[in-house]
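Q: Below you'll find the structure I mean.
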Amino acid sequence: MHALDVLGDPVRRRILEVLADGEKSSGAINEVIHHDFGISQPGVSQHLRMLRESGFATVRAEGTRRIYALDPTPLRQVDAWLHPFRRYWERTLDALGEELERGKRERQARTGKKRR
């Protein structure tokens, strides 16, 4: 399955967002997903299995708990796919950065004038 197929599901994307903050137990993930989507524990488990099988997540046992972690390796496939499209937003982001710097310089100039 292609990485974008895995990421096409909002529940799986949300689980990855949760894991991007660090390792989480399956119970903690279930709480977030149940709150956000109303999905039961078995449903969340299916999504976690899909993330494990597609390489987006790893799991390890800690006593009776299962601890999940993000594996960023498949995100390289997404990054490679997005590469040709970057030119469409990089220019816009560069222009935004320049505009923010211009505004910062103007504010500093106004602030400097007020202090005299």
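We name chains A, B, ... following the order of the structure tokens; residues begin at 1 in each chain, and ligands are numbered from 1 as shown.
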Taking the chain letters and numbering used in this document, name the residues of stretch 39-109 of chain A that DSSP puts in strand (DSSP E), as a ChimeraX atom specification.
A: /A:57-62,65-70
Q: Name the residues of chain A that come out as alpha helix (DSSP H) in a backbone DSSP run; write them as a PyMOL selection string.
A: chain A and resi 3-7+10-20+26-37+41-53+75-82+86-115
Q: Quick one: residues within 12 Å of A:Arg14, only C-alpha atoms counted, chain neighbours fewer than 2 positions away excluded, as a ChimeraX atom specification?
A: /A:6-12,16-21,29-30,32-37,44,47-48,51,70
Q: Generate the output file for the selected residues, N, CA and C atoms, as a compact mmCIF listing (two decimals), in the first residue's frame.
A:
# COMPACT_ATOMS: atom_id res chain seq x y z
N VAL A 6 -2.38 5.19 3.02
CA VAL A 6 -2.46 5.08 4.48
C VAL A 6 -2.87 6.42 5.07
N LEU A 7 -2.26 7.49 4.58
CA LEU A 7 -2.52 8.83 5.11
C LEU A 7 -3.86 9.40 4.65
N GLY A 8 -4.50 8.73 3.71
CA GLY A 8 -5.79 9.20 3.22
C GLY A 8 -6.90 9.13 4.25
N ASP A 9 -6.70 8.37 5.29
CA ASP A 9 -7.72 8.21 6.32
C ASP A 9 -7.48 9.21 7.45
N PRO A 10 -8.48 10.02 7.79
CA PRO A 10 -8.29 11.03 8.85
C PRO A 10 -7.98 10.45 10.22
N VAL A 11 -8.48 9.27 10.51
CA VAL A 11 -8.19 8.65 11.81
C VAL A 11 -6.72 8.28 11.89
N ARG A 12 -6.20 7.69 10.83
CA ARG A 12 -4.78 7.32 10.84
C ARG A 12 -3.89 8.56 10.88
N LEU A 16 -1.13 9.45 13.84
CA LEU A 16 0.26 9.86 13.57
C LEU A 16 0.57 11.20 14.22
N GLU A 17 -0.39 12.12 14.21
CA GLU A 17 -0.19 13.40 14.89
C GLU A 17 0.04 13.18 16.39
N VAL A 18 -0.72 12.29 16.97
CA VAL A 18 -0.56 11.97 18.40
C VAL A 18 0.83 11.37 18.64
N LEU A 19 1.24 10.46 17.77
CA LEU A 19 2.55 9.82 17.94
C LEU A 19 3.71 10.75 17.63
N ALA A 20 3.46 11.80 16.86
CA ALA A 20 4.53 12.76 16.56
C ALA A 20 5.01 13.47 17.83
N ASP A 21 4.16 13.49 18.85
CA ASP A 21 4.54 14.10 20.14
C ASP A 21 5.35 13.16 21.01
N ILE A 29 -3.85 6.44 23.05
CA ILE A 29 -4.25 6.69 21.66
C ILE A 29 -5.75 6.48 21.52
N ASN A 30 -6.24 5.40 22.11
CA ASN A 30 -7.67 5.10 22.04
C ASN A 30 -8.50 6.24 22.63
N VAL A 32 -7.82 9.47 22.78
CA VAL A 32 -7.84 10.61 21.86
C VAL A 32 -8.75 10.33 20.67
N ILE A 33 -8.59 9.17 20.06
CA ILE A 33 -9.35 8.84 18.86
C ILE A 33 -10.83 8.68 19.19
N HIS A 34 -11.13 8.07 20.31
CA HIS A 34 -12.54 7.94 20.72
C HIS A 34 -13.15 9.33 20.92
N HIS A 35 -12.41 10.21 21.56
CA HIS A 35 -12.90 11.58 21.78
C HIS A 35 -13.10 12.32 20.46
N ASP A 36 -12.13 12.22 19.55
CA ASP A 36 -12.17 12.98 18.31
C ASP A 36 -13.13 12.39 17.27
N PHE A 37 -13.25 11.06 17.23
CA PHE A 37 -14.02 10.41 16.16
C PHE A 37 -15.14 9.50 16.64
N VAL A 44 -10.04 1.41 16.69
CA VAL A 44 -8.73 2.05 16.83
C VAL A 44 -7.63 1.01 16.64
N HIS A 47 -6.87 0.46 13.02
CA HIS A 47 -6.06 1.54 12.46
C HIS A 47 -4.60 1.42 12.90
N LEU A 48 -4.39 1.08 14.17
CA LEU A 48 -3.03 0.89 14.66
C LEU A 48 -2.34 -0.26 13.93
N LEU A 51 -1.23 0.93 10.58
CA LEU A 51 -0.04 1.78 10.69
C LEU A 51 1.21 0.94 10.95
N LEU A 70 6.04 6.54 16.46
CA LEU A 70 6.06 6.91 15.04
C LEU A 70 7.35 6.43 14.41
Q: For A:Thr58, which residue among A:Glu23, A:Asp79, A:Asp5, A:Arg86 is the nearest when counting only C-alpha atoms?
A: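 Of A:Glu23, A:Asp79, A:Asp5, A:Arg86, the one nearest A:Thr58, counting only C-alpha atoms, is A:Glu23.
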Q: Could you jot down the atom CA of A:Phe56 to atom CA of A:Asp71 separation for me, Å, one decimal place?
A: 4.9 Å
Q: For atom CA of A:Pro72 and atom CA of A:Ser26, quote the distance in Å rounded to one decimal.
A: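 Those two atoms sit 18.6 Å apart.
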Q: Which residue, A:Gly38, A:Ala28, A:Ile15, A:Gly22, has the smallest gap to A:Arg52 when you use only C-alpha atoms?
A: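 Smallest distance to A:Arg52 is found for A:Ile15.
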Q: Between atom CA of A:Gln46 and atom CA of A:Ala80, what is the distance in Å, rounded to a tenth?
A: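 Atom-to-atom, atom CA of A:Gln46 to atom CA of A:Ala80, that is 27.2 Å.
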